[in-house]
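As provided, structure05.cif (mmCIF, C-alpha atoms) reads as follows.
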data_work
loop_
_atom_site.label_atom_id
_atom_site.label_comp_id
_atom_site.auth_asym_id
_atom_site.auth_seq_id
_atom_site.Cartn_x
_atom_site.Cartn_y
_atom_site.Cartn_z
CA MET A 1 194.10 87.71 21.73
CA SER A 2 191.29 87.81 24.28
CA ARG A 3 189.21 90.92 24.71
CA SER A 4 190.60 91.83 28.16
CA PRO A 5 194.31 92.03 27.16
CA LEU A 6 193.33 93.81 23.94
CA MET A 7 191.38 96.42 25.88
CA LEU A 8 194.35 96.85 28.19
CA LEU A 9 196.72 97.47 25.30
CA VAL A 10 194.38 100.14 23.97
CA ALA A 11 193.58 101.77 27.31
CA LEU A 12 197.04 101.81 28.88
CA PRO A 13 198.63 104.41 26.53
CA LEU A 14 195.60 106.66 27.00
CA LEU A 15 195.84 106.31 30.77
CA LEU A 16 199.56 107.08 30.79
CA LEU A 17 198.95 110.14 28.63
CA ALA A 18 196.27 111.36 31.02
CA LEU A 19 198.51 110.79 34.03
CA ALA A 20 201.24 112.88 32.42
CA ALA A 21 198.86 115.73 31.58
CA CYS A 22 197.50 116.38 35.08
CA SER A 23 197.53 115.18 38.68
CA PRO A 24 197.60 111.35 38.82
CA LEU A 25 194.97 111.32 41.58
CA THR A 26 192.74 113.68 39.62
CA THR A 27 193.04 111.36 36.64
CA LEU A 28 192.21 108.28 38.69
CA ASN A 29 189.11 110.00 40.03
CA ALA A 30 188.05 111.09 36.55
CA LEU A 31 188.44 107.55 35.20
CA SER A 32 186.81 105.79 38.16
CA PRO A 33 183.07 105.28 37.70
CA GLY A 34 180.86 106.49 40.53
CA GLY A 35 177.53 105.09 39.41
CA ALA A 36 177.50 102.38 42.08
CA SER A 37 177.85 104.89 44.92
CA GLU A 38 176.18 107.94 46.43
CA ARG A 39 178.46 110.60 47.90
CA THR A 40 177.61 112.85 50.83
CA PRO A 41 180.40 115.43 51.06
CA ASP A 42 181.72 117.96 53.56
CA LEU A 43 180.45 116.45 56.80
CA ALA A 44 182.06 117.92 59.91
CA TYR A 45 183.27 115.49 62.57
CA GLY A 46 184.94 118.28 64.58
CA ASP A 47 185.89 121.93 64.47
CA GLY A 48 187.93 123.49 61.68
CA PRO A 49 188.39 122.93 57.94
CA ARG A 50 190.57 119.83 58.32
CA ARG A 51 188.06 117.92 60.43
CA LYS A 52 185.67 116.99 57.66
CA LEU A 53 184.84 113.81 55.78
CA ASP A 54 182.93 112.45 52.79
CA VAL A 55 180.71 109.36 52.88
CA TYR A 56 180.30 106.99 49.91
CA ARG A 57 177.42 104.57 50.28
CA PRO A 58 176.42 101.75 47.92
CA ARG A 59 173.41 102.54 45.72
CA GLU A 60 172.35 98.92 46.07
CA LEU A 61 173.27 96.25 48.58
CA PRO A 62 173.86 92.60 47.68
CA ALA A 63 170.82 90.34 47.91
CA GLY A 64 169.95 89.48 51.49
CA GLN A 65 172.04 92.31 52.93
CA THR A 66 170.16 95.09 54.78
CA THR A 67 173.17 97.03 56.11
CA ALA A 68 176.75 97.43 54.99
CA PRO A 69 180.08 97.26 56.79
CA VAL A 70 181.79 100.61 57.32
CA VAL A 71 185.41 101.41 56.43
CA VAL A 72 187.02 104.67 57.56
CA PHE A 73 189.92 105.41 55.19
CA PHE A 74 192.91 107.66 55.87
CA TYR A 75 195.21 108.71 53.03
CA GLY A 76 198.97 109.13 53.10
CA GLY A 77 201.14 112.14 52.41
CA ASN A 78 203.82 111.93 55.11
CA TRP A 79 201.51 113.79 57.54
CA VAL A 80 202.21 117.01 55.63
CA ASP A 81 199.94 116.71 52.59
CA GLY A 82 196.66 115.22 51.38
CA GLU A 83 193.01 116.01 50.63
CA ARG A 84 190.04 113.69 50.94
CA ALA A 85 188.71 114.80 47.52
CA ASP A 86 191.78 113.23 45.89
CA TYR A 87 190.70 109.81 47.13
CA ALA A 88 187.18 109.68 45.75
CA PHE A 89 188.29 106.62 43.76
CA VAL A 90 188.80 104.77 47.05
CA GLY A 91 185.32 105.63 48.26
CA ARG A 92 183.76 104.61 44.95
CA ALA A 93 185.71 101.35 44.85
CA LEU A 94 184.67 100.28 48.33
CA ALA A 95 181.04 101.32 47.78
CA SER A 96 180.95 99.26 44.58
CA ARG A 97 181.59 96.19 46.78
CA GLY A 98 178.75 96.90 49.20
CA ILE A 99 180.79 98.86 51.76
CA VAL A 100 180.06 102.27 53.25
CA ALA A 101 183.31 104.23 52.89
CA VAL A 102 184.21 107.25 54.99
CA ILE A 103 187.12 109.31 53.59
CA ALA A 104 188.38 111.68 56.28
CA ASP A 105 190.74 114.63 56.36
CA TYR A 106 192.86 115.25 59.44
CA ARG A 107 195.15 118.05 60.55
CA LEU A 108 198.69 118.02 59.15
CA TYR A 109 202.13 119.38 60.01
CA PRO A 110 203.00 122.21 60.64
CA GLU A 111 199.57 122.90 62.13
CA VAL A 112 199.99 119.87 64.39
CA ARG A 113 202.56 117.21 65.22
CA TYR A 114 202.37 113.72 66.71
CA PRO A 115 200.09 112.80 68.40
CA ASP A 116 197.48 115.46 67.63
CA PHE A 117 196.53 114.07 64.21
CA LEU A 118 195.71 110.77 65.91
CA LYS A 119 193.15 112.60 68.03
CA ASP A 120 191.50 113.74 64.80
CA VAL A 121 191.56 110.22 63.39
CA ALA A 122 189.93 108.83 66.53
CA GLN A 123 187.29 111.55 66.37
CA ALA A 124 186.50 110.62 62.75
CA VAL A 125 186.13 106.96 63.72
CA ALA A 126 183.79 107.92 66.56
CA TRP A 127 181.71 109.98 64.12
CA ALA A 128 181.49 107.05 61.71
CA ARG A 129 180.37 104.67 64.44
CA GLN A 130 177.69 107.08 65.65
CA HIS A 131 176.35 108.09 62.24
CA ALA A 132 176.78 104.84 60.28
CA PRO A 133 173.05 103.92 60.41
CA GLN A 134 172.15 107.17 58.62
CA TYR A 135 174.06 105.93 55.57
CA GLY A 136 173.06 102.27 55.67
CA GLY A 137 176.13 101.27 57.63
CA ASP A 138 176.39 98.77 60.46
CA PRO A 139 178.34 100.24 63.43
CA GLN A 140 178.99 96.69 64.62
CA ARG A 141 181.03 96.07 61.46
CA LEU A 142 183.44 98.98 61.67
CA PHE A 143 186.94 98.95 60.14
CA VAL A 144 189.77 101.44 59.75
CA MET A 145 192.00 101.46 56.70
CA GLY A 146 194.86 103.57 55.43
CA HIS A 147 197.70 103.90 52.97
CA SER A 148 201.24 104.94 53.92
CA ALA A 149 200.97 107.62 56.66
CA GLY A 150 197.25 106.83 56.71
CA ALA A 151 198.07 103.17 57.40
CA TYR A 152 200.12 104.33 60.37
CA ASN A 153 197.09 106.29 61.59
CA ALA A 154 194.86 103.24 61.20
CA ALA A 155 197.40 101.04 63.00
CA MET A 156 197.65 103.41 65.96
CA ILE A 157 193.87 103.59 66.30
CA ALA A 158 193.63 99.79 66.21
CA LEU A 159 196.60 99.04 68.47
CA ASP A 160 197.10 101.93 70.91
CA PRO A 161 193.96 102.25 73.06
CA ARG A 162 194.73 105.81 74.17
CA TRP A 163 193.18 107.49 71.15
CA LEU A 164 189.80 105.77 71.01
CA ALA A 165 189.61 106.02 74.81
CA GLU A 166 189.42 109.80 74.41
CA GLN A 167 186.20 109.19 72.45
CA GLY A 168 184.77 106.78 75.02
CA MET A 169 185.64 103.72 72.93
CA ALA A 170 188.21 100.94 72.74
CA PRO A 171 189.86 99.12 69.79
CA SER A 172 187.42 96.28 70.45
CA VAL A 173 184.76 98.31 68.58
CA LEU A 174 186.69 97.52 65.39
CA ARG A 175 186.00 94.29 63.50
CA GLY A 176 189.39 94.70 61.87
CA TRP A 177 191.82 97.08 60.21
CA ILE A 178 193.66 97.30 56.90
CA GLY A 179 197.13 98.74 56.43
CA MET A 180 198.61 99.40 53.00
CA ALA A 181 202.35 100.13 52.79
CA GLY A 182 202.33 101.48 56.32
CA PRO A 183 205.29 102.64 58.42
CA TYR A 184 204.88 100.75 61.67
CA ASP A 185 208.47 100.49 62.94
CA PHE A 186 210.56 103.42 61.67
CA LEU A 187 212.93 104.57 64.42
CA PRO A 188 215.36 106.20 64.11
CA ILE A 189 213.66 108.50 61.62
CA GLU A 190 215.64 109.09 58.44
CA ASN A 191 213.18 111.00 56.26
CA PRO A 192 213.85 114.74 56.78
CA THR A 193 210.19 115.60 56.13
CA THR A 194 209.03 113.19 58.82
CA LYS A 195 211.50 114.24 61.51
CA PRO A 196 209.74 117.40 62.75
CA VAL A 197 206.34 115.66 62.66
CA PHE A 198 207.58 113.23 65.33
CA HIS A 199 209.73 115.63 67.41
CA PHE A 200 213.07 114.30 66.17
CA PRO A 201 215.51 113.66 67.80
CA ALA A 202 213.25 113.21 70.84
CA THR A 203 210.78 110.93 69.05
CA PRO A 204 208.90 108.95 71.70
CA PRO A 205 209.11 105.15 71.28
CA ALA A 206 205.37 105.05 72.00
CA SER A 207 204.84 106.60 68.56
CA GLN A 208 205.58 103.21 66.94
CA PRO A 209 202.62 100.89 66.25
CA VAL A 210 204.75 97.75 66.62
CA TYR A 211 205.20 98.51 70.33
CA HIS A 212 201.45 98.49 71.01
CA VAL A 213 200.60 94.96 69.86
CA THR A 214 198.62 92.94 72.39
CA ALA A 215 196.40 89.88 72.24
CA ALA A 216 193.39 92.21 72.28
CA ALA A 217 194.25 93.77 68.91
CA PRO A 218 191.63 93.53 66.14
CA PRO A 219 192.28 91.25 63.15
CA ALA A 220 194.48 92.82 60.50
CA LEU A 221 195.00 92.75 56.76
CA LEU A 222 198.48 94.04 55.92
CA ILE A 223 199.32 94.72 52.27
CA ALA A 224 202.61 95.99 50.85
CA ALA A 225 204.49 96.33 47.60
CA ARG A 226 207.29 93.80 47.61
CA SER A 227 209.68 96.34 46.05
CA ASP A 228 208.56 99.38 48.07
CA ARG A 229 211.45 101.88 48.05
CA LEU A 230 209.90 104.36 50.49
CA VAL A 231 208.68 102.16 53.35
CA ASP A 232 210.68 98.95 53.85
CA PRO A 233 208.04 96.18 53.67
CA ALA A 234 210.13 93.62 55.59
CA ARG A 235 210.86 95.91 58.51
CA ASN A 236 207.41 97.46 58.72
CA THR A 237 204.74 95.10 57.39
CA GLY A 238 206.78 92.00 58.18
CA HIS A 239 207.70 93.00 61.73
CA LEU A 240 204.17 94.05 62.59
CA ALA A 241 202.66 90.87 61.15
CA ALA A 242 205.10 88.77 63.18
CA ALA A 243 204.28 90.71 66.36
CA LEU A 244 200.55 90.18 65.80
CA ARG A 245 201.00 86.46 65.18
CA ALA A 246 203.08 86.16 68.33
CA GLN A 247 200.03 87.41 70.23
CA GLN A 248 197.76 85.03 68.26
CA VAL A 249 195.97 87.93 66.59
CA PRO A 250 194.50 86.96 63.19
CA VAL A 251 196.56 88.67 60.49
CA LYS A 252 196.74 88.22 56.73
CA GLU A 253 199.96 89.45 55.16
CA LEU A 254 200.10 90.10 51.39
CA TYR A 255 202.93 91.32 49.16
CA TYR A 256 202.26 92.33 45.56
CA ASP A 257 204.90 92.19 42.84
CA HIS A 258 203.67 94.66 40.23
CA VAL A 259 203.00 97.77 42.31
CA SER A 260 205.11 100.41 44.03
CA HIS A 261 204.50 102.34 47.24
CA THR A 262 202.29 104.81 45.39
CA THR A 263 200.61 102.58 42.82
CA LEU A 264 199.49 100.21 45.58
CA VAL A 265 196.67 102.58 46.57
CA ALA A 266 196.12 103.50 42.91
CA SER A 267 195.36 99.83 42.20
CA LEU A 268 192.04 100.30 43.98
CA ALA A 269 190.93 102.53 41.08
CA ALA A 270 189.06 100.93 38.19
CA PRO A 271 191.68 101.66 35.47
CA MET A 272 194.55 100.33 37.61
CA ARG A 273 193.08 97.12 39.03
CA TRP A 274 195.03 95.01 36.58
CA LEU A 275 198.14 95.79 38.66
CA ALA A 276 197.05 93.85 41.76
CA PRO A 277 193.95 92.26 43.35
CA THR A 278 193.90 94.94 46.06
CA LEU A 279 190.17 95.67 45.98
CA ASP A 280 189.29 91.96 45.88
CA ASP A 281 191.48 91.26 48.91
CA VAL A 282 190.23 94.26 50.89
CA ALA A 283 186.59 93.49 50.13
CA ALA A 284 187.01 89.82 51.07
CA PHE A 285 188.53 90.79 54.42
CA VAL A 286 185.81 93.33 55.21
CA LEU A 287 182.88 91.23 54.09
CA THR A 288 184.10 88.02 55.79
CA PRO A 289 186.50 89.11 58.55
CA PRO A 290 188.29 86.47 60.63
CA ALA A 291 187.03 85.84 64.13
CA ARG A 292 188.69 87.86 66.86
#
What's the structure tokens form of this structure?
Amino acid sequence: MSRSPLMLLVALPLLLLALAACSPLTTLNALSPGGASERTPDLAYGDGPRRKLDVYRPRELPAGQTTAPVVVFFYGGNWVDGERADYAFVGRALASRGIVAVIADYRLYPEVRYPDFLKDVAQAVAWARQHAPQYGGDPQRLFVMGHSAGAYNAAMIALDPRWLAEQGMAPSVLRGWIGMAGPYDFLPIENPTTKPVFHFPATPPASQPVYHVTAAAPPALLIAARSDRLVDPARNTGHLAAALRAQQVPVKELYYDHVSHTTLVASLAAPMRWLAPTLDDVAAFVLTPPAR
């Protein structure tokens, strides 16, 4: 048996034991090395405790590279839960590939409902674009990325120009965007937790990313778990990818077999990368994005 499978057989029971003993995200952070990145925490992009972010920058850039692309990441949690500290493994993973990662909090329900959290997301993106050079980032290579509800946030920033317009910008400032297991076409709402977030039963159709696709949209990388039981990949990822292609927008659509809705984002963490090539695919898209 080769060394890699042998190490996996030894490490997997230990990982599963650790996941059972405490929060899975806490465990992923504890087991994800941070030596390749430098973290600058608790930076305010607006007023209030939920408008803060952490920056993870590479300690060293690849040979010949003087600045790094910037990815602003938004986590999921059904717009009712989530903390940026839980996603340190995402920041470390991206930084290890020569990317400046910005992990941002945003206001959640019941403090706010749609569309107020999108205003926070746009404000965080504006902050990242303005301050990128301070952390070795290139504001001309700016991306948004998210998982689940965070992928919805990223999609709306990339596709619906209203939110960046409030910050004096347009989606054209983005070199691309990455959505992981995102809900992009989910009316009528069935999840009881989601209903009040989107004013059910009076949910505005304009809340759906799929209705905002135009030929001006930035290139997209859409990733989903083929057997996702929470967000239907065919209806959401598939429909959005088809809408983008119909407008001749560059889009790469990937479906992984060995992850679920939740382990898709976990596969970015060092101990879970055997599940899927998520980090490789994200890094390849960011470092060599398709032409607009």
I need the output of the PyMOL selection byres ((chain A and resi 114) around 9) for this file as a PDB file with C-alpha atoms, in the frame of the given file; which residues are they?
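out-v6.pdb, freshly written:
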ATOM      1  CA  TYR A 109     202.130 119.380  60.010  1.00  0.00           C
ATOM      2  CA  VAL A 112     199.990 119.870  64.390  1.00  0.00           C
ATOM      3  CA  ARG A 113     202.560 117.210  65.220  1.00  0.00           C
ATOM      4  CA  PRO A 115     200.090 112.800  68.400  1.00  0.00           C
ATOM      5  CA  ASP A 116     197.480 115.460  67.630  1.00  0.00           C
ATOM      6  CA  PHE A 117     196.530 114.070  64.210  1.00  0.00           C
ATOM      7  CA  LEU A 118     195.710 110.770  65.910  1.00  0.00           C
ATOM      8  CA  VAL A 197     206.340 115.660  62.660  1.00  0.00           C
ATOM      9  CA  PHE A 198     207.580 113.230  65.330  1.00  0.00           C
ATOM     10  CA  HIS A 199     209.730 115.630  67.410  1.00  0.00           C
ATOM     11  CA  SER A 207     204.840 106.600  68.560  1.00  0.00           C
TER      12      SER A 207
END
Name the residues in contact with Gln140 of chain A at a cut-off of 10 Å, using all atoms listed in the file, excluding same-chain residues fewer than 4 positions from it; report them as a PyMOL selection string. chain A and resi 68-70+129+132+173-175
Which residue of A:Leu221, A:Leu187, A:Val102, A:Leu264 approaches Ala158 of chain A most closely, using all atoms listed in the file: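 Nearest to Ala158 of chain A: A:Leu221.
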Taking the file as shown, what set of residues would the PyMOL selection byres ((chain A and resi 136) around 8) give back, as a ChimeraX atom specification? /A:57,66-68,100,132-135,137-138
So how many Å separate atom CA of Phe73 of chain A and atom CA of Lys119 of chain A, to one decimal?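 These atoms are spaced 15.1 Å apart.
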Residue with the minimum atom-to-atom distance to Tyr56 of chain A, picked from A:Phe186, A:Phe285, A:Phe89, A:Tyr75 with only C-alpha atoms counted, is A:Phe89
Selection result of the PyMOL selection byres ((chain A and resi 229) around 12) on this file, as a CSV table (one decimal) with C-alpha atoms, in the coordinates of the input:
chain,number,residue,atom,x,y,z
A,181,ALA,CA,202.4,100.1,52.8
A,224,ALA,CA,202.6,96.0,50.8
A,225,ALA,CA,204.5,96.3,47.6
A,226,ARG,CA,207.3,93.8,47.6
A,227,SER,CA,209.7,96.3,46.0
A,228,ASP,CA,208.6,99.4,48.1
A,230,LEU,CA,209.9,104.4,50.5
A,231,VAL,CA,208.7,102.2,53.4
A,232,ASP,CA,210.7,99.0,53.8
A,233,PRO,CA,208.0,96.2,53.7
A,234,ALA,CA,210.1,93.6,55.6
A,259,VAL,CA,203.0,97.8,42.3
A,260,SER,CA,205.1,100.4,44.0
A,261,HIS,CA,204.5,102.3,47.2
A,262,THR,CA,202.3,104.8,45.4
Name the residues in contact with segment 268-273 of chain A at a cut-off of 8 Å, using only C-alpha atoms, excluding same-chain residues fewer than 2 positions from it; report them as a PDB file with C-alpha atoms, in the coordinates of the input.
ATOM      1  CA  LEU A  15     195.840 106.310  30.770  1.00  0.00           C
ATOM      2  CA  LEU A  28     192.210 108.280  38.690  1.00  0.00           C
ATOM      3  CA  ASN A  29     189.110 110.000  40.030  1.00  0.00           C
ATOM      4  CA  LEU A  31     188.440 107.550  35.200  1.00  0.00           C
ATOM      5  CA  SER A  32     186.810 105.790  38.160  1.00  0.00           C
ATOM      6  CA  PRO A  33     183.070 105.280  37.700  1.00  0.00           C
ATOM      7  CA  PHE A  89     188.290 106.620  43.760  1.00  0.00           C
ATOM      8  CA  VAL A  90     188.800 104.770  47.050  1.00  0.00           C
ATOM      9  CA  ALA A  93     185.710 101.350  44.850  1.00  0.00           C
ATOM     10  CA  LEU A 264     199.490 100.210  45.580  1.00  0.00           C
ATOM     11  CA  VAL A 265     196.670 102.580  46.570  1.00  0.00           C
ATOM     12  CA  ALA A 266     196.120 103.500  42.910  1.00  0.00           C
ATOM     13  CA  LEU A 275     198.140  95.790  38.660  1.00  0.00           C
ATOM     14  CA  ALA A 276     197.050  93.850  41.760  1.00  0.00           C
ATOM     15  CA  PRO A 277     193.950  92.260  43.350  1.00  0.00           C
ATOM     16  CA  THR A 278     193.900  94.940  46.060  1.00  0.00           C
ATOM     17  CA  LEU A 279     190.170  95.670  45.980  1.00  0.00           C
TER      18      LEU A 279
END
So that I can check the surroundings of Gln167 of chain A, please list as a ChimeraX atom specification every protein, DNA and RNA residue that reaches within 8 Å of it, counting only C-alpha atoms and ignoring chain neighbours fewer than 6 positions away. /A:122-123,126
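For the residues A:Ala151, A:Leu142, A:Leu53, A:Ala216, ranking by smallest atom-to-atom distance to Val71 of chain A using all atoms listed in the file places A:Leu142 first.
The environment of Ser96 of chain A within 9 Å, counting all atoms listed in the file and disregarding residues fewer than 3 places along the same chain, consists of Gly34, Gly35, Ala36, Ser37, Arg57, Pro58, Arg59, Glu60, Gly91, Arg92, Ala93 and Ile99 of chain A.
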What is the distance, in Å and to one decimal place, between atom CA of Gly168 of chain A and atom CA of Thr288 of chain A? 26.9 Å
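Our summary of the geometry notes that atom CA of Ala101 of chain A is positioned 13.1 Å from atom CA of Leu43 of chain A.
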If we count all atoms listed in the file, what is near Thr26 of chain A at a cut-off of 9 Å, once residues fewer than 5 positions away on the same chain are taken out, given as an mmCIF file with C-alpha atoms, in the frame of the given file?
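Output saved as around.cif:
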data_model
loop_
_atom_site.group_PDB
_atom_site.id
_atom_site.type_symbol
_atom_site.label_atom_id
_atom_site.label_comp_id
_atom_site.auth_asym_id
_atom_site.auth_seq_id
_atom_site.Cartn_x
_atom_site.Cartn_y
_atom_site.Cartn_z
ATOM 1 C CA LEU A 19 198.510 110.790 34.030
ATOM 2 C CA LEU A 31 188.440 107.550 35.200
ATOM 3 C CA ALA A 85 188.710 114.800 47.520
ATOM 4 C CA ASP A 86 191.780 113.230 45.890
ATOM 5 C CA TYR A 87 190.700 109.810 47.130
#
Of the residues A:Gly150, A:Met180, A:Val210, A:Pro110, which is the one nearest to Glu253 of chain A, using all atoms listed in the file?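 Nearest candidate to Glu253 of chain A out of A:Gly150, A:Met180, A:Val210, A:Pro110: A:Met180.
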Residue nearest Gln248 of chain A among A:Glu111, A:Thr214, A:Gly182, A:Ser267 (counting all atoms listed in the file):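 Checking each of A:Glu111, A:Thr214, A:Gly182, A:Ser267 against Gln248 of chain A, counting all atoms listed in the file, the winner is A:Thr214.
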A:Val213, A:Ala124, A:Val282, A:Ala241 ranked by distance to Asp47 of chain A, top pick (using only C-alpha atoms):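 Closest candidate: A:Ala124.
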Please output segment 231-257 of chain A, rebuilt to include N, CA and C atoms, as a CSV table (one decimal), keeping the file's coordinate frame.
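Full text of out-v1.csv as output:
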chain,number,residue,atom,x,y,z
A,231,VAL,N,208.9,102.8,52.0
A,231,VAL,CA,208.7,102.2,53.4
A,231,VAL,C,209.1,100.7,53.2
A,232,ASP,N,210.1,100.3,53.9
A,232,ASP,CA,210.7,99.0,53.8
A,232,ASP,C,209.6,97.9,54.3
A,233,PRO,N,209.1,97.1,53.3
A,233,PRO,CA,208.0,96.2,53.7
A,233,PRO,C,208.4,95.1,54.7
A,234,ALA,N,209.7,94.7,54.6
A,234,ALA,CA,210.1,93.6,55.6
A,234,ALA,C,210.2,94.2,57.0
A,235,ARG,N,210.7,95.3,57.2
A,235,ARG,CA,210.9,95.9,58.5
A,235,ARG,C,209.5,96.3,59.1
A,236,ASN,N,208.7,96.9,58.2
A,236,ASN,CA,207.4,97.5,58.7
A,236,ASN,C,206.3,96.5,58.7
A,237,THR,N,205.8,96.1,57.5
A,237,THR,CA,204.7,95.1,57.4
A,237,THR,C,205.1,93.8,58.0
A,238,GLY,N,206.3,93.3,57.7
A,238,GLY,CA,206.8,92.0,58.2
A,238,GLY,C,206.9,92.0,59.7
A,239,HIS,N,207.5,93.0,60.3
A,239,HIS,CA,207.7,93.0,61.7
A,239,HIS,C,206.4,93.1,62.4
A,240,LEU,N,205.5,93.9,61.9
A,240,LEU,CA,204.2,94.0,62.6
A,240,LEU,C,203.4,92.8,62.5
A,241,ALA,N,203.4,92.1,61.3
A,241,ALA,CA,202.7,90.9,61.2
A,241,ALA,C,203.2,89.8,62.1
A,242,ALA,N,204.5,89.8,62.3
A,242,ALA,CA,205.1,88.8,63.2
A,242,ALA,C,204.7,89.1,64.6
A,243,ALA,N,204.7,90.3,65.0
A,243,ALA,CA,204.3,90.7,66.4
A,243,ALA,C,202.8,90.3,66.6
A,244,LEU,N,202.0,90.5,65.6
A,244,LEU,CA,200.6,90.2,65.8
A,244,LEU,C,200.4,88.7,65.9
A,245,ARG,N,201.1,87.9,65.1
A,245,ARG,CA,201.0,86.5,65.2
A,245,ARG,C,201.5,85.9,66.5
A,246,ALA,N,202.5,86.6,67.0
A,246,ALA,CA,203.1,86.2,68.3
A,246,ALA,C,202.1,86.3,69.4
A,247,GLN,N,201.1,87.2,69.3
A,247,GLN,CA,200.0,87.4,70.2
A,247,GLN,C,198.8,86.7,69.8
A,248,GLN,N,198.9,85.8,68.8
A,248,GLN,CA,197.8,85.0,68.3
A,248,GLN,C,196.6,85.9,67.8
A,249,VAL,N,197.0,87.1,67.2
A,249,VAL,CA,196.0,87.9,66.6
A,249,VAL,C,195.8,87.5,65.1
A,250,PRO,N,194.6,87.3,64.6
A,250,PRO,CA,194.5,87.0,63.2
A,250,PRO,C,195.1,88.1,62.3
A,251,VAL,N,196.0,87.7,61.4
A,251,VAL,CA,196.6,88.7,60.5
A,251,VAL,C,196.8,88.0,59.1
A,252,LYS,N,196.4,88.7,58.1
A,252,LYS,CA,196.7,88.2,56.7
A,252,LYS,C,197.7,89.2,56.1
A,253,GLU,N,198.8,88.7,55.6
A,253,GLU,CA,200.0,89.4,55.2
A,253,GLU,C,200.1,89.2,53.7
A,254,LEU,N,200.0,90.2,52.8
A,254,LEU,CA,200.1,90.1,51.4
A,254,LEU,C,201.2,91.0,50.8
A,255,TYR,N,201.9,90.5,49.9
A,255,TYR,CA,202.9,91.3,49.2
A,255,TYR,C,202.7,91.2,47.7
A,256,TYR,N,202.5,92.3,47.0
A,256,TYR,CA,202.3,92.3,45.6
A,256,TYR,C,203.5,92.7,44.8
A,257,ASP,N,203.7,92.1,43.6
A,257,ASP,CA,204.9,92.2,42.8
A,257,ASP,C,204.9,93.3,41.8
